[in-house]
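The structure under discussion appears below in the form of C-alpha cells.
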Amino acid sequence: MSDSIAVIGSVAFDTLETPHGRAENELGGSATHFAVAASFFAPVHLLAPVGKDFPEEAREYLKSRGIDCSGLETRAGNTFRWHGRYHEDMNRRDTLHLDLGVFAGFVPTVAPAVRTARYVFLGNIDPVLQARVLEQFAAPVLVGLDTMNHWIAEARPALETILPRVDLLVINDQEAAELSGEANVTRAARRILAMGARSVLVKRGEYGAILFSPGSVFAVPAFPLEQVFDPTGAGDTFAGGLLGHLAASGEHSERALRRAIVYGSVLASFVVEDFGGRRMRTLDRDAIERRYRQFVALTEF
Ligand code: AMP
C-alpha cells in the first residue's frame, strides 16, 4: 500500500466569466484542481479521459508538479468543456454550457500499480463512473467524494448507493440542501450522515467550511481576502489540500483532520486569486506555510 492519492474526475477546458473579467480555454476540471493542490503534499495519480485536442504543454505542467499522468487517457473526441458565469455575489454561478466530450462512453480502468493507493478521491463526475472506479481499488483507507447539483438531480439513486462507502463527502451548502431536502446546514449534514457518509464537509464559499462527523463539528472561516477574483476550482483545491495533507501526515485523528482542513482552506484561498488554476503555477510551499501561520493566528483566541 502506498500513501499516494488517486483522483478521478474531469480534466477540462473552462470558459470563465466573473464580475472581474473573462477567460477562455483555461485548464480546469475537478480532477485537475484537486491533483494540483494535493501535489504540494503527496504523490498523486490522475485518472481522467482527455481528447486529442489536449495540448502537450498542459500534460507537461501536470507532470512538472510530480503528478502521475499515466492514467490520463487520450480518447477520440474533445476534452470536457465547461462554461460558467458567476453572479455579482460570487457564491452563486450558472453553468452556461457543458460538453462531456470524451466522457461520453468512458469506462475507467485503474492500472494495477494505482489500485493500491490508500487515498481515493472521486471528483465531481457521474456517480455511476465514481462507483466503477471505487470498486477497482484494493483497500483504500480514506475515500473522498465530491458531487454537484447536476448529479444530485440527474443521478440520485447512484449517488445514494455510493454514499455508505464514502469517508468524506465534500459538497457546498446548496448541494447539501438539495441532497438532504433540508435548508438548514446542520440538519442537512445530519441527514447526509444518516444516509451513510462517515463525515461531511460543507463548503460555504466566503463563509468557510464546516466538518460534520457523528461525534463532532469543526468550523473554519475562509481566509479573508480583499478580492476574490475567480472562485472556480476552490472546492476541488480545498479537497486536494485536505487529502494531500492527510496523506502526507499519515494520521487520521480528529486533530490531523482539522489541521488538514485548514491546509485545504489555505490552498483554496490561493486559487481564487486569479482565473482558473493560474495562481497555482507560481505558488510554493513557503507561501503556503506563511498563510497557514496567518490562518492559525486569525483563528486563535
Ligand atoms: P469547483 O469550482 O471546485 O466546483 O470546480 C469547478 C471545475 O469543475 C471546473 O474546472 C469545471 O471544469 C468542472 N466541472 C463543472 N461542471 C462539471 C460536471 N458536471 N462534471 C465534471 N466536472 C465539472
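The chains in the C-alpha cells are called A, B, ... from first to last as shown; in each chain the residues are counted from 1, and the ligands are counted from 1 in the order shown.
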Q | Selection as a PyMOL selection string: residues within 6 Å of ligand 1 by only C-alpha atoms and all ligand atoms | A | chain A and resi 10+12+14+28-30+82+124-125+232-236
For the contact check between segment 137-217 of chain A and segment 93-117 of chain A, emit one row per residue of segment 137-217 of chain A within 8 Å, containing the shortest atom pair and the distance in Å rounded to one decimal, counting only C-alpha atoms, chain then rising number order, as CSV.
residue,atom,partner,partner_atom,distance
A:Phe137,CA,A:Arg115,CA,4.5
A:Ala138,CA,A:Thr116,CA,5.7
A:Ala139,CA,A:Thr116,CA,7.0
A:Pro140,CA,A:Ala117,CA,6.5
Q. If you count only C-alpha atoms, which residues fall within 10 Å of Thr32 of chain A, apart from same-chain ones fewer than 5 positions away, as an MDAnalysis selection string?
A. chainID A and resid 7:12 27 37:38 46:48 62 67 123 233 236:237 240 277
Take the residues from that selection and put them in a file with C-alpha atoms, as an mmCIF file, in the first residue's frame.
data_model
loop_
_atom_site.group_PDB
_atom_site.id
_atom_site.type_symbol
_atom_site.label_atom_id
_atom_site.label_comp_id
_atom_site.auth_asym_id
_atom_site.auth_seq_id
_atom_site.Cartn_x
_atom_site.Cartn_y
_atom_site.Cartn_z
ATOM 1 C CA VAL A 7 -8.133 11.080 -8.127
ATOM 2 C CA ILE A 8 -10.703 10.564 -10.827
ATOM 3 C CA GLY A 9 -12.677 13.487 -12.137
ATOM 4 C CA SER A 10 -12.841 15.882 -15.019
ATOM 5 C CA VAL A 11 -9.858 17.352 -16.804
ATOM 6 C CA ALA A 12 -11.339 20.238 -18.682
ATOM 7 C CA LEU A 27 -7.003 24.301 -17.920
ATOM 8 C CA ALA A 37 -3.417 21.164 -4.858
ATOM 9 C CA ALA A 38 -2.678 17.684 -3.459
ATOM 10 C CA LEU A 46 -4.551 11.500 -12.015
ATOM 11 C CA LEU A 47 -7.223 9.386 -13.739
ATOM 12 C CA ALA A 48 -9.298 11.050 -16.443
ATOM 13 C CA LEU A 62 0.878 18.434 -14.562
ATOM 14 C CA ILE A 67 1.576 14.201 -10.851
ATOM 15 C CA GLY A 123 -14.073 14.116 -8.077
ATOM 16 C CA GLY A 233 -11.820 25.216 -8.525
ATOM 17 C CA ASP A 236 -11.581 20.842 -5.539
ATOM 18 C CA THR A 237 -8.486 22.714 -4.448
ATOM 19 C CA GLY A 240 -6.859 18.412 -2.710
ATOM 20 C CA GLY A 277 -5.678 27.451 -11.774
#
Q | Best match for closeness to Ser216 of chain A among A:Ala247, A:Leu134, A:Leu257, A:Val141, counting only C-alpha atoms | A |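 The answer is A:Leu257, which sits nearest to Ser216 of chain A.
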Q: Any chance you could list, as JSON, numbers by chain, the residues in segment 64-212 of chain A that come up alpha helix (DSSP H) when DSSP is run on the backbone?
A: {"A": [64, 127, 128, 129, 130, 131, 132, 133, 134, 149, 150, 151, 152, 153, 154, 156, 157, 158, 159, 160, 161, 162, 173, 174, 175, 176, 177, 178, 179, 180, 185, 186, 187, 188, 189, 190, 191, 192, 193, 194]}
Writer output for current selection, C-alpha atoms, as an mmCIF file, in the first residue's frame:
data_model
loop_
_atom_site.group_PDB
_atom_site.id
_atom_site.type_symbol
_atom_site.label_atom_id
_atom_site.label_comp_id
_atom_site.auth_asym_id
_atom_site.auth_seq_id
_atom_site.Cartn_x
_atom_site.Cartn_y
_atom_site.Cartn_z
ATOM 1 C CA SER A 64 6.130 19.121 -13.556
ATOM 2 C CA PRO A 127 -21.680 8.872 -9.722
ATOM 3 C CA VAL A 128 -22.035 5.742 -11.852
ATOM 4 C CA LEU A 129 -18.448 6.279 -13.023
ATOM 5 C CA GLN A 130 -17.339 7.135 -9.482
ATOM 6 C CA ALA A 131 -18.660 3.752 -8.292
ATOM 7 C CA ARG A 132 -16.977 1.893 -11.153
ATOM 8 C CA VAL A 133 -13.663 3.426 -10.205
ATOM 9 C CA LEU A 134 -14.007 2.840 -6.490
ATOM 10 C CA ASN A 149 -26.392 19.813 -8.147
ATOM 11 C CA HIS A 150 -26.387 18.399 -11.687
ATOM 12 C CA TRP A 151 -25.711 14.836 -10.429
ATOM 13 C CA ILE A 152 -27.949 15.181 -7.375
ATOM 14 C CA ALA A 153 -30.810 15.939 -9.757
ATOM 15 C CA GLU A 154 -29.870 13.529 -12.571
ATOM 16 C CA ARG A 156 -29.589 10.471 -7.252
ATOM 17 C CA PRO A 157 -30.006 6.664 -6.969
ATOM 18 C CA ALA A 158 -26.367 6.055 -7.951
ATOM 19 C CA LEU A 159 -25.230 8.769 -5.564
ATOM 20 C CA GLU A 160 -27.218 7.349 -2.671
ATOM 21 C CA THR A 161 -25.795 3.878 -3.342
ATOM 22 C CA ILE A 162 -22.206 5.053 -3.138
ATOM 23 C CA ASP A 173 -24.238 24.308 1.217
ATOM 24 C CA GLN A 174 -26.673 24.469 -1.720
ATOM 25 C CA GLU A 175 -25.810 20.914 -2.734
ATOM 26 C CA ALA A 176 -26.177 19.737 0.873
ATOM 27 C CA ALA A 177 -29.661 21.257 0.924
ATOM 28 C CA GLU A 178 -30.592 19.605 -2.381
ATOM 29 C CA LEU A 179 -29.231 16.220 -1.394
ATOM 30 C CA SER A 180 -30.897 16.167 2.031
ATOM 31 C CA VAL A 185 -26.935 23.365 7.046
ATOM 32 C CA THR A 186 -26.662 21.458 10.350
ATOM 33 C CA ARG A 187 -29.842 19.495 9.779
ATOM 34 C CA ALA A 188 -28.773 18.834 6.173
ATOM 35 C CA ALA A 189 -25.424 17.470 7.338
ATOM 36 C CA ARG A 190 -27.055 15.224 9.956
ATOM 37 C CA ARG A 191 -29.405 13.849 7.321
ATOM 38 C CA ILE A 192 -26.472 13.149 4.966
ATOM 39 C CA LEU A 193 -24.585 11.336 7.741
ATOM 40 C CA ALA A 194 -27.704 9.234 8.247
#
**Q.** Who sits within 8 Å of Ile171 of chain A, only C-alpha atoms, same chain under 4 positions skipped, as a PyMOL selection string
**A.** chain A and resi 146-148+175-176+200-203+235
